[in-house]
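Beneath this line is the structure, given in structure tokens, with notes to follow.
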Amino acid sequence: MKITALGSGSKGNCMLVEGGSGSLLVDAGLAAREIQARLALAGADPGSIEAIVVTHEHTDHIRGLDVMARRFDIPIIATGGTLAEFFLHRKVSKKTVTTITCHPGTTLEIGDFTIEPFSISHDAHDPCGYCIEEQRARLGYCTDTGVLSGEVIELFRQCDGLVLESNHCPQMLEDGPYPAMLKRRIRSRRGHLSNEQAGACLQLLGHDLGAVMLAHLSETNNTPAVAEECARGALGLFVDDVGLQVALQETISAPMEI
């Protein structure tokens, strides 16, 4: 399995997951035209995308969803709450799209992919992360959550690779320009994972993982170097055994292979 971040951050999130015979998008938070351009940079064919797997309905995760789904006849996979919010308030066209409702704790199959959603803690309607498996490779994907439950950590123990939110440095957030209300939201249980929270997760899982991609970094309250340094410190003795990289907003990532 090969994972490429097409863009990651508060301006838009979209991840390409490629298997042996098809691919998935996780979120479509860039404009459809930009997603197509970045797919081309990654050498990927939109016609190979078997589904768009959506974590939640915030604009930076669904900006190009409606257009991509209609243009390439790609089904949308999301929880019932996410789909309801999308159709009621976010869809940009009245034209039909194909949807598949997923449920945390159950699995579904799309092509050669097995997709297992799990509940996360964010200020959205029924948000989720995913475990995605294909040909015995298993990816954990979790961004936009304020906490990681024990159940989620146990799911990650079964994964070969992980895309994990490392949104902010707490000190940069405290000293930064955001208003107090927004700072409280980000720090809350329904907000975003800090570098330290991501690091605590990696400290528990380092011996189980082959590759990690840090994602959804704040451009105001974090830097790739600060996030990576925290993750490397958390991995400790296992740091040389884990392929670690940081997903960026403006450019596609190098592929992460598991």
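We label chains A, B, ... in the order they appear in the structure tokens, count residues from 1 in each chain, and number ligands from 1 in the order shown.
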For range 100-116 of chain A, work out the shell of residues within 12 Å, counting only C-alpha atoms and skipping chain neighbours fewer than 3 positions away, then give it as a short mmCIF file (atom, residue, chain, number, x, y, z; two decimals) with all heavy atoms, in the first residue's frame.
data_model
loop_
_atom_site.label_atom_id
_atom_site.label_comp_id
_atom_site.auth_asym_id
_atom_site.auth_seq_id
_atom_site.Cartn_x
_atom_site.Cartn_y
_atom_site.Cartn_z
N MET A 1 0.84 -1.19 0.00
CA MET A 1 0.00 0.00 0.00
C MET A 1 0.88 1.24 0.00
O MET A 1 1.89 1.29 0.69
CB MET A 1 -0.91 -0.01 1.24
CG MET A 1 -1.98 1.06 1.25
SD MET A 1 -2.88 1.13 2.84
CE MET A 1 -3.65 -0.48 2.88
N VAL A 17 -4.61 6.86 -1.17
CA VAL A 17 -4.20 5.53 -0.70
C VAL A 17 -4.27 4.59 -1.89
O VAL A 17 -5.36 4.31 -2.41
CB VAL A 17 -5.10 5.04 0.45
CG1 VAL A 17 -4.66 3.65 0.92
CG2 VAL A 17 -5.09 6.03 1.61
N GLU A 18 -3.13 4.10 -2.33
CA GLU A 18 -3.06 3.25 -3.51
C GLU A 18 -2.77 1.80 -3.13
O GLU A 18 -1.86 1.52 -2.36
CB GLU A 18 -1.97 3.74 -4.45
CG GLU A 18 -2.23 5.13 -5.01
CD GLU A 18 -1.11 5.63 -5.88
OE1 GLU A 18 -0.13 6.18 -5.33
OE2 GLU A 18 -1.21 5.46 -7.11
N GLY A 19 -3.56 0.90 -3.68
CA GLY A 19 -3.35 -0.53 -3.51
C GLY A 19 -2.85 -1.16 -4.79
O GLY A 19 -2.45 -0.48 -5.73
N GLY A 20 -2.93 -2.48 -4.84
CA GLY A 20 -2.43 -3.18 -6.01
C GLY A 20 -3.25 -2.98 -7.26
O GLY A 20 -2.71 -2.98 -8.37
N SER A 21 -4.58 -2.78 -7.10
CA SER A 21 -5.43 -2.69 -8.28
C SER A 21 -6.38 -1.50 -8.27
O SER A 21 -7.17 -1.33 -9.19
CB SER A 21 -6.25 -3.98 -8.40
OG SER A 21 -7.07 -4.17 -7.25
N GLY A 22 -6.31 -0.66 -7.26
CA GLY A 22 -7.19 0.50 -7.19
C GLY A 22 -6.71 1.44 -6.11
O GLY A 22 -5.67 1.23 -5.50
N SER A 23 -7.48 2.51 -5.88
CA SER A 23 -7.06 3.50 -4.90
C SER A 23 -8.28 4.11 -4.22
O SER A 23 -9.41 3.97 -4.67
CB SER A 23 -6.21 4.59 -5.55
OG SER A 23 -6.95 5.27 -6.55
N LEU A 24 -8.01 4.80 -3.12
CA LEU A 24 -9.01 5.55 -2.38
C LEU A 24 -8.51 6.96 -2.17
O LEU A 24 -7.30 7.20 -2.13
CB LEU A 24 -9.26 4.93 -1.00
CG LEU A 24 -9.68 3.47 -0.90
CD1 LEU A 24 -9.64 3.03 0.57
CD2 LEU A 24 -11.06 3.26 -1.48
N LEU A 25 -9.44 7.90 -2.01
CA LEU A 25 -9.12 9.19 -1.43
C LEU A 25 -9.68 9.21 -0.01
O LEU A 25 -10.82 8.79 0.20
CB LEU A 25 -9.74 10.35 -2.22
CG LEU A 25 -9.14 10.71 -3.57
CD1 LEU A 25 -9.85 11.94 -4.13
CD2 LEU A 25 -7.64 10.96 -3.49
N VAL A 26 -8.89 9.67 0.93
CA VAL A 26 -9.41 9.96 2.26
C VAL A 26 -9.55 11.48 2.35
O VAL A 26 -8.57 12.21 2.29
CB VAL A 26 -8.49 9.45 3.37
CG1 VAL A 26 -9.11 9.74 4.74
CG2 VAL A 26 -8.24 7.95 3.22
N SER A 48 -8.96 5.43 -11.30
CA SER A 48 -8.68 4.26 -10.46
C SER A 48 -9.25 4.41 -9.05
O SER A 48 -9.19 3.46 -8.26
CB SER A 48 -7.16 4.04 -10.36
OG SER A 48 -6.55 5.03 -9.53
N ILE A 49 -9.80 5.59 -8.73
CA ILE A 49 -10.30 5.83 -7.36
C ILE A 49 -11.63 5.11 -7.18
O ILE A 49 -12.60 5.37 -7.90
CB ILE A 49 -10.45 7.34 -7.11
CG1 ILE A 49 -9.10 8.04 -7.23
CG2 ILE A 49 -11.04 7.58 -5.71
CD1 ILE A 49 -9.18 9.54 -7.20
N GLU A 50 -11.66 4.21 -6.22
CA GLU A 50 -12.84 3.38 -6.01
C GLU A 50 -13.82 3.98 -5.01
O GLU A 50 -14.99 3.59 -4.97
CB GLU A 50 -12.40 1.99 -5.55
CG GLU A 50 -11.58 1.27 -6.62
CD GLU A 50 -11.07 -0.07 -6.17
OE1 GLU A 50 -10.19 -0.09 -5.29
OE2 GLU A 50 -11.54 -1.09 -6.70
N ALA A 51 -13.37 4.91 -4.18
CA ALA A 51 -14.26 5.59 -3.23
C ALA A 51 -13.52 6.78 -2.64
O ALA A 51 -12.30 6.82 -2.61
CB ALA A 51 -14.71 4.64 -2.11
N ILE A 52 -14.31 7.75 -2.16
CA ILE A 52 -13.78 8.85 -1.34
C ILE A 52 -14.28 8.61 0.07
O ILE A 52 -15.49 8.61 0.34
CB ILE A 52 -14.24 10.22 -1.85
CG1 ILE A 52 -13.85 10.42 -3.31
CG2 ILE A 52 -13.64 11.32 -0.98
CD1 ILE A 52 -14.41 11.69 -3.94
N VAL A 53 -13.35 8.37 0.97
CA VAL A 53 -13.65 8.05 2.36
C VAL A 53 -13.56 9.35 3.16
O VAL A 53 -12.50 9.98 3.18
CB VAL A 53 -12.66 7.00 2.88
CG1 VAL A 53 -13.00 6.60 4.30
CG2 VAL A 53 -12.64 5.77 1.97
N VAL A 54 -14.64 9.75 3.81
CA VAL A 54 -14.72 11.08 4.42
C VAL A 54 -14.72 10.96 5.94
O VAL A 54 -15.49 10.18 6.51
CB VAL A 54 -15.99 11.82 3.94
CG1 VAL A 54 -16.07 13.21 4.56
CG2 VAL A 54 -16.00 11.91 2.42
N THR A 55 -13.88 11.77 6.60
CA THR A 55 -13.80 11.73 8.06
C THR A 55 -14.89 12.56 8.73
O THR A 55 -15.43 12.16 9.74
CB THR A 55 -12.42 12.22 8.53
OG1 THR A 55 -12.22 13.58 8.09
CG2 THR A 55 -11.30 11.33 8.00
N ILE A 74 -17.56 8.58 -8.43
CA ILE A 74 -16.91 7.91 -7.31
C ILE A 74 -17.88 7.88 -6.12
O ILE A 74 -18.41 8.93 -5.74
CB ILE A 74 -15.63 8.65 -6.89
CG1 ILE A 74 -14.68 8.82 -8.08
CG2 ILE A 74 -14.91 7.89 -5.77
CD1 ILE A 74 -13.50 9.74 -7.78
N PRO A 75 -18.12 6.74 -5.52
CA PRO A 75 -18.98 6.72 -4.33
C PRO A 75 -18.32 7.39 -3.14
O PRO A 75 -17.10 7.38 -2.99
CB PRO A 75 -19.19 5.22 -4.07
CG PRO A 75 -18.05 4.53 -4.75
CD PRO A 75 -17.68 5.39 -5.92
N ILE A 76 -19.14 7.97 -2.28
CA ILE A 76 -18.70 8.63 -1.06
C ILE A 76 -19.01 7.71 0.12
O ILE A 76 -20.14 7.25 0.28
CB ILE A 76 -19.42 9.97 -0.86
CG1 ILE A 76 -19.10 10.93 -2.01
CG2 ILE A 76 -19.06 10.59 0.48
CD1 ILE A 76 -19.99 12.17 -2.02
N ILE A 77 -18.02 7.45 0.96
CA ILE A 77 -18.20 6.66 2.17
C ILE A 77 -18.06 7.58 3.38
O ILE A 77 -17.07 8.29 3.51
CB ILE A 77 -17.16 5.53 2.26
CG1 ILE A 77 -17.33 4.55 1.09
CG2 ILE A 77 -17.27 4.79 3.59
CD1 ILE A 77 -16.24 3.49 1.02
N ALA A 78 -19.07 7.58 4.25
CA ALA A 78 -19.02 8.40 5.46
C ALA A 78 -20.08 7.90 6.42
O ALA A 78 -20.97 7.12 6.05
CB ALA A 78 -19.25 9.88 5.12
N THR A 79 -20.00 8.37 7.67
CA THR A 79 -21.03 8.03 8.64
C THR A 79 -22.34 8.73 8.29
O THR A 79 -22.37 9.70 7.53
CB THR A 79 -20.61 8.44 10.06
OG1 THR A 79 -20.47 9.86 10.10
CG2 THR A 79 -19.29 7.77 10.46
N GLY A 80 -23.42 8.24 8.91
CA GLY A 80 -24.72 8.84 8.64
C GLY A 80 -24.77 10.30 9.02
O GLY A 80 -25.35 11.13 8.30
N GLY A 81 -24.16 10.67 10.15
CA GLY A 81 -24.16 12.06 10.57
C GLY A 81 -23.40 12.96 9.61
O GLY A 81 -23.84 14.07 9.32
N THR A 82 -22.27 12.48 9.12
CA THR A 82 -21.49 13.26 8.15
C THR A 82 -22.25 13.43 6.86
O THR A 82 -22.30 14.54 6.29
CB THR A 82 -20.13 12.58 7.90
OG1 THR A 82 -19.39 12.57 9.11
CG2 THR A 82 -19.34 13.32 6.83
N LEU A 83 -22.86 12.36 6.37
CA LEU A 83 -23.61 12.44 5.11
C LEU A 83 -24.81 13.37 5.26
O LEU A 83 -25.11 14.17 4.35
CB LEU A 83 -24.06 11.05 4.67
CG LEU A 83 -22.96 10.13 4.15
CD1 LEU A 83 -23.52 8.73 3.91
CD2 LEU A 83 -22.35 10.68 2.87
N ALA A 84 -25.50 13.30 6.38
CA ALA A 84 -26.66 14.18 6.58
C ALA A 84 -26.24 15.63 6.55
O ALA A 84 -26.89 16.48 5.90
CB ALA A 84 -27.34 13.83 7.91
N VAL A 97 -25.25 11.95 -6.29
CA VAL A 97 -23.98 11.25 -6.04
C VAL A 97 -24.30 9.94 -5.34
O VAL A 97 -25.35 9.80 -4.70
CB VAL A 97 -23.01 12.09 -5.17
CG1 VAL A 97 -22.55 13.33 -5.91
CG2 VAL A 97 -23.64 12.45 -3.83
N SER A 119 -14.90 5.81 15.89
CA SER A 119 -15.32 7.12 16.36
C SER A 119 -14.14 7.91 16.91
O SER A 119 -13.24 7.35 17.53
CB SER A 119 -16.39 6.97 17.45
OG SER A 119 -17.57 6.42 16.92
N ILE A 120 -14.15 9.21 16.65
CA ILE A 120 -13.15 10.13 17.19
C ILE A 120 -13.88 11.27 17.89
O ILE A 120 -15.12 11.32 17.91
CB ILE A 120 -12.21 10.66 16.10
CG1 ILE A 120 -13.00 11.36 14.99
CG2 ILE A 120 -11.36 9.54 15.54
CD1 ILE A 120 -12.12 12.05 13.95
N ASP A 126 -20.78 13.22 14.09
CA ASP A 126 -20.40 11.82 13.90
C ASP A 126 -19.08 11.66 13.12
O ASP A 126 -19.02 10.93 12.12
CB ASP A 126 -21.53 11.09 13.17
CG ASP A 126 -21.52 9.59 13.40
OD1 ASP A 126 -20.76 9.13 14.27
OD2 ASP A 126 -22.26 8.88 12.69
N PRO A 127 -18.00 12.32 13.55
CA PRO A 127 -16.73 12.21 12.85
C PRO A 127 -16.08 10.84 13.11
O PRO A 127 -16.39 10.17 14.10
CB PRO A 127 -15.90 13.33 13.47
CG PRO A 127 -16.43 13.43 14.87
CD PRO A 127 -17.91 13.17 14.76
N CYS A 128 -15.18 10.45 12.23
CA CYS A 128 -14.52 9.17 12.42
C CYS A 128 -13.12 9.17 11.80
O CYS A 128 -12.79 10.02 10.96
CB CYS A 128 -15.34 8.01 11.84
SG CYS A 128 -15.50 8.02 10.05
N GLY A 129 -12.32 8.23 12.25
CA GLY A 129 -11.08 7.86 11.59
C GLY A 129 -11.28 6.52 10.93
O GLY A 129 -12.37 5.93 11.01
N TYR A 130 -10.24 6.00 10.31
CA TYR A 130 -10.38 4.74 9.57
C TYR A 130 -9.16 3.87 9.73
O TYR A 130 -8.02 4.37 9.81
CB TYR A 130 -10.58 5.02 8.08
CG TYR A 130 -11.89 5.68 7.74
CD1 TYR A 130 -11.98 7.07 7.64
CD2 TYR A 130 -13.04 4.93 7.54
CE1 TYR A 130 -13.19 7.69 7.34
CE2 TYR A 130 -14.25 5.54 7.24
CZ TYR A 130 -14.32 6.92 7.14
OH TYR A 130 -15.51 7.52 6.84
N CYS A 131 -9.38 2.57 9.75
CA CYS A 131 -8.34 1.59 9.47
C CYS A 131 -8.63 1.01 8.09
O CYS A 131 -9.76 0.60 7.81
CB CYS A 131 -8.33 0.48 10.51
SG CYS A 131 -7.72 1.00 12.13
N ILE A 132 -7.63 1.05 7.24
CA ILE A 132 -7.78 0.62 5.85
C ILE A 132 -6.79 -0.50 5.60
O ILE A 132 -5.59 -0.34 5.82
CB ILE A 132 -7.53 1.79 4.89
CG1 ILE A 132 -8.55 2.91 5.15
CG2 ILE A 132 -7.60 1.32 3.44
CD1 ILE A 132 -8.25 4.20 4.40
N GLU A 133 -7.29 -1.63 5.13
CA GLU A 133 -6.44 -2.80 4.91
C GLU A 133 -6.53 -3.25 3.46
O GLU A 133 -7.60 -3.23 2.85
CB GLU A 133 -6.87 -3.94 5.84
CG GLU A 133 -5.93 -5.12 5.84
CD GLU A 133 -6.20 -6.10 6.96
OE1 GLU A 133 -6.99 -5.75 7.88
OE2 GLU A 133 -5.63 -7.21 6.93
N GLU A 134 -5.39 -3.64 2.92
CA GLU A 134 -5.34 -4.15 1.54
C GLU A 134 -4.10 -5.04 1.41
O GLU A 134 -3.00 -4.63 1.77
CB GLU A 134 -5.28 -2.98 0.55
CG GLU A 134 -5.52 -3.37 -0.90
CD GLU A 134 -4.22 -3.52 -1.69
OE1 GLU A 134 -3.15 -3.27 -1.12
OE2 GLU A 134 -4.29 -3.88 -2.87
N GLN A 135 -4.33 -6.26 0.95
CA GLN A 135 -3.25 -7.22 0.77
C GLN A 135 -2.36 -7.32 2.01
O GLN A 135 -1.13 -7.25 1.95
CB GLN A 135 -2.42 -6.87 -0.47
CG GLN A 135 -3.20 -7.01 -1.76
CD GLN A 135 -2.36 -6.77 -3.00
OE1 GLN A 135 -1.15 -6.56 -2.93
NE2 GLN A 135 -2.99 -6.83 -4.16
N ARG A 136 -3.01 -7.44 3.16
CA ARG A 136 -2.36 -7.67 4.46
C ARG A 136 -1.57 -6.46 4.97
O ARG A 136 -0.89 -6.55 5.99
CB ARG A 136 -1.46 -8.91 4.40
CG ARG A 136 -2.22 -10.17 4.02
CD ARG A 136 -1.33 -11.40 4.05
NE ARG A 136 -0.94 -11.73 5.42
CZ ARG A 136 -0.19 -12.79 5.70
NH1 ARG A 136 0.26 -13.57 4.75
NH2 ARG A 136 0.11 -13.04 6.96
N ALA A 137 -1.63 -5.33 4.28
CA ALA A 137 -1.07 -4.08 4.81
C ALA A 137 -2.22 -3.29 5.44
O ALA A 137 -3.32 -3.20 4.87
CB ALA A 137 -0.41 -3.27 3.70
N ARG A 138 -1.97 -2.71 6.60
CA ARG A 138 -3.04 -2.05 7.35
C ARG A 138 -2.59 -0.65 7.77
O ARG A 138 -1.55 -0.46 8.40
CB ARG A 138 -3.41 -2.88 8.58
CG ARG A 138 -4.60 -2.37 9.37
CD ARG A 138 -4.98 -3.41 10.43
NE ARG A 138 -5.99 -2.93 11.35
CZ ARG A 138 -7.31 -3.01 11.16
NH1 ARG A 138 -7.78 -3.57 10.05
NH2 ARG A 138 -8.17 -2.57 12.05
N LEU A 139 -3.42 0.33 7.41
CA LEU A 139 -3.15 1.74 7.69
C LEU A 139 -4.15 2.27 8.70
O LEU A 139 -5.36 2.07 8.55
CB LEU A 139 -3.27 2.56 6.39
CG LEU A 139 -3.21 4.08 6.54
CD1 LEU A 139 -1.80 4.54 6.88
CD2 LEU A 139 -3.70 4.77 5.26
N GLY A 140 -3.66 2.99 9.71
CA GLY A 140 -4.53 3.75 10.60
C GLY A 140 -4.52 5.21 10.18
O GLY A 140 -3.46 5.77 9.89
N TYR A 141 -5.70 5.83 10.15
CA TYR A 141 -5.81 7.22 9.70
C TYR A 141 -6.64 7.98 10.73
O TYR A 141 -7.81 7.68 10.96
CB TYR A 141 -6.50 7.29 8.34
CG TYR A 141 -6.50 8.69 7.75
CD1 TYR A 141 -5.53 9.06 6.82
CD2 TYR A 141 -7.46 9.63 8.12
CE1 TYR A 141 -5.51 10.34 6.28
CE2 TYR A 141 -7.44 10.91 7.59
CZ TYR A 141 -6.47 11.25 6.67
OH TYR A 141 -6.44 12.52 6.15
N GLU A 151 -9.42 2.52 23.04
CA GLU A 151 -9.89 1.65 21.96
C GLU A 151 -9.20 1.99 20.64
O GLU A 151 -8.84 1.09 19.86
CB GLU A 151 -11.41 1.78 21.80
CG GLU A 151 -12.22 1.19 22.94
CD GLU A 151 -12.35 2.13 24.13
OE1 GLU A 151 -11.78 3.26 24.08
OE2 GLU A 151 -13.02 1.75 25.10
N VAL A 152 -9.01 3.28 20.39
CA VAL A 152 -8.33 3.69 19.16
C VAL A 152 -6.86 3.27 19.19
O VAL A 152 -6.32 2.77 18.19
CB VAL A 152 -8.47 5.21 18.94
CG1 VAL A 152 -7.57 5.68 17.81
CG2 VAL A 152 -9.92 5.57 18.66
N LEU A 155 -6.61 -0.27 18.22
CA LEU A 155 -6.74 -0.44 16.77
C LEU A 155 -5.41 -0.14 16.08
O LEU A 155 -5.00 -0.85 15.15
CB LEU A 155 -7.83 0.47 16.22
CG LEU A 155 -9.28 0.06 16.48
CD1 LEU A 155 -10.22 1.17 16.00
CD2 LEU A 155 -9.62 -1.24 15.77
N PHE A 156 -4.73 0.91 16.54
CA PHE A 156 -3.46 1.28 15.92
C PHE A 156 -2.39 0.21 16.13
O PHE A 156 -1.46 0.10 15.33
CB PHE A 156 -2.97 2.61 16.49
CG PHE A 156 -3.77 3.82 16.06
CD1 PHE A 156 -3.63 5.03 16.73
CD2 PHE A 156 -4.67 3.75 15.01
CE1 PHE A 156 -4.36 6.14 16.34
CE2 PHE A 156 -5.41 4.86 14.61
CZ PHE A 156 -5.25 6.05 15.28
N CYS A 159 -1.87 -1.94 13.21
CA CYS A 159 -1.55 -1.28 11.95
C CYS A 159 -0.05 -1.34 11.64
O CYS A 159 0.78 -1.37 12.53
CB CYS A 159 -2.00 0.19 12.00
SG CYS A 159 -3.80 0.39 12.07
#
At what distance in Å, to one decimal, does CA of Asp160 in chain A lie from CA of Ser253 in chain A?
18.6 Å
Do you have the CA of Gly43 in chain A-CA of Met213 in chain A distance handy?
19.8 Å
Would you kindly return, as a list in words, each protein, DNA or RNA residue with an atom no farther than 12 Å from any atom of Lys183 in chain A, considering only C-alpha atoms and excluding same-chain residues fewer than 3 positions away?
His168, Cys169, Pro170, Gln171, Met172, Leu173, Glu174, Asp175, Gly176, Pro177, Tyr178, Pro179, Ala180, Ile186, Arg187, Ser188, Gly191, His192, Ser194, Thr220 and Asn221 of chain A
Members of range 64-246 of chain A assigned strand (DSSP E or B) by DSSP, as number ranges by chain:
A: 76-79, 99-102, 108-110, 113-119, 128-134, 137-142, 161-165, 168, 194, 211-215, 243-246
Please provide the set of residues having any atom within 12 Å of Leu209 in chain A, restricted to only C-alpha atoms, with same-chain residues fewer than 5 positions apart removed, written as a PyMOL selection string.
chain A and resi 137-140+156-163+201-204+235+238-244+257-258
Hey, can you check how far CA of Ser121 in chain A sits from CA of Ser149 in chain A?
8.9 Å
Enumerate, as a ChimeraX atom specification, the complete set of residues in range 24-209 of chain A that a backbone-based DSSP assignment places in helix (DSSP H, G or I).
/A:32-41,46-48,59-62,65-71,80-90,150-157,170-175,180-187,195-205
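Checking A:Met181, A:Leu88, A:Ala40, A:Ala32 one by one against Phe72 in chain A, counting only C-alpha atoms, you find the shortest gap at A:Ala32.
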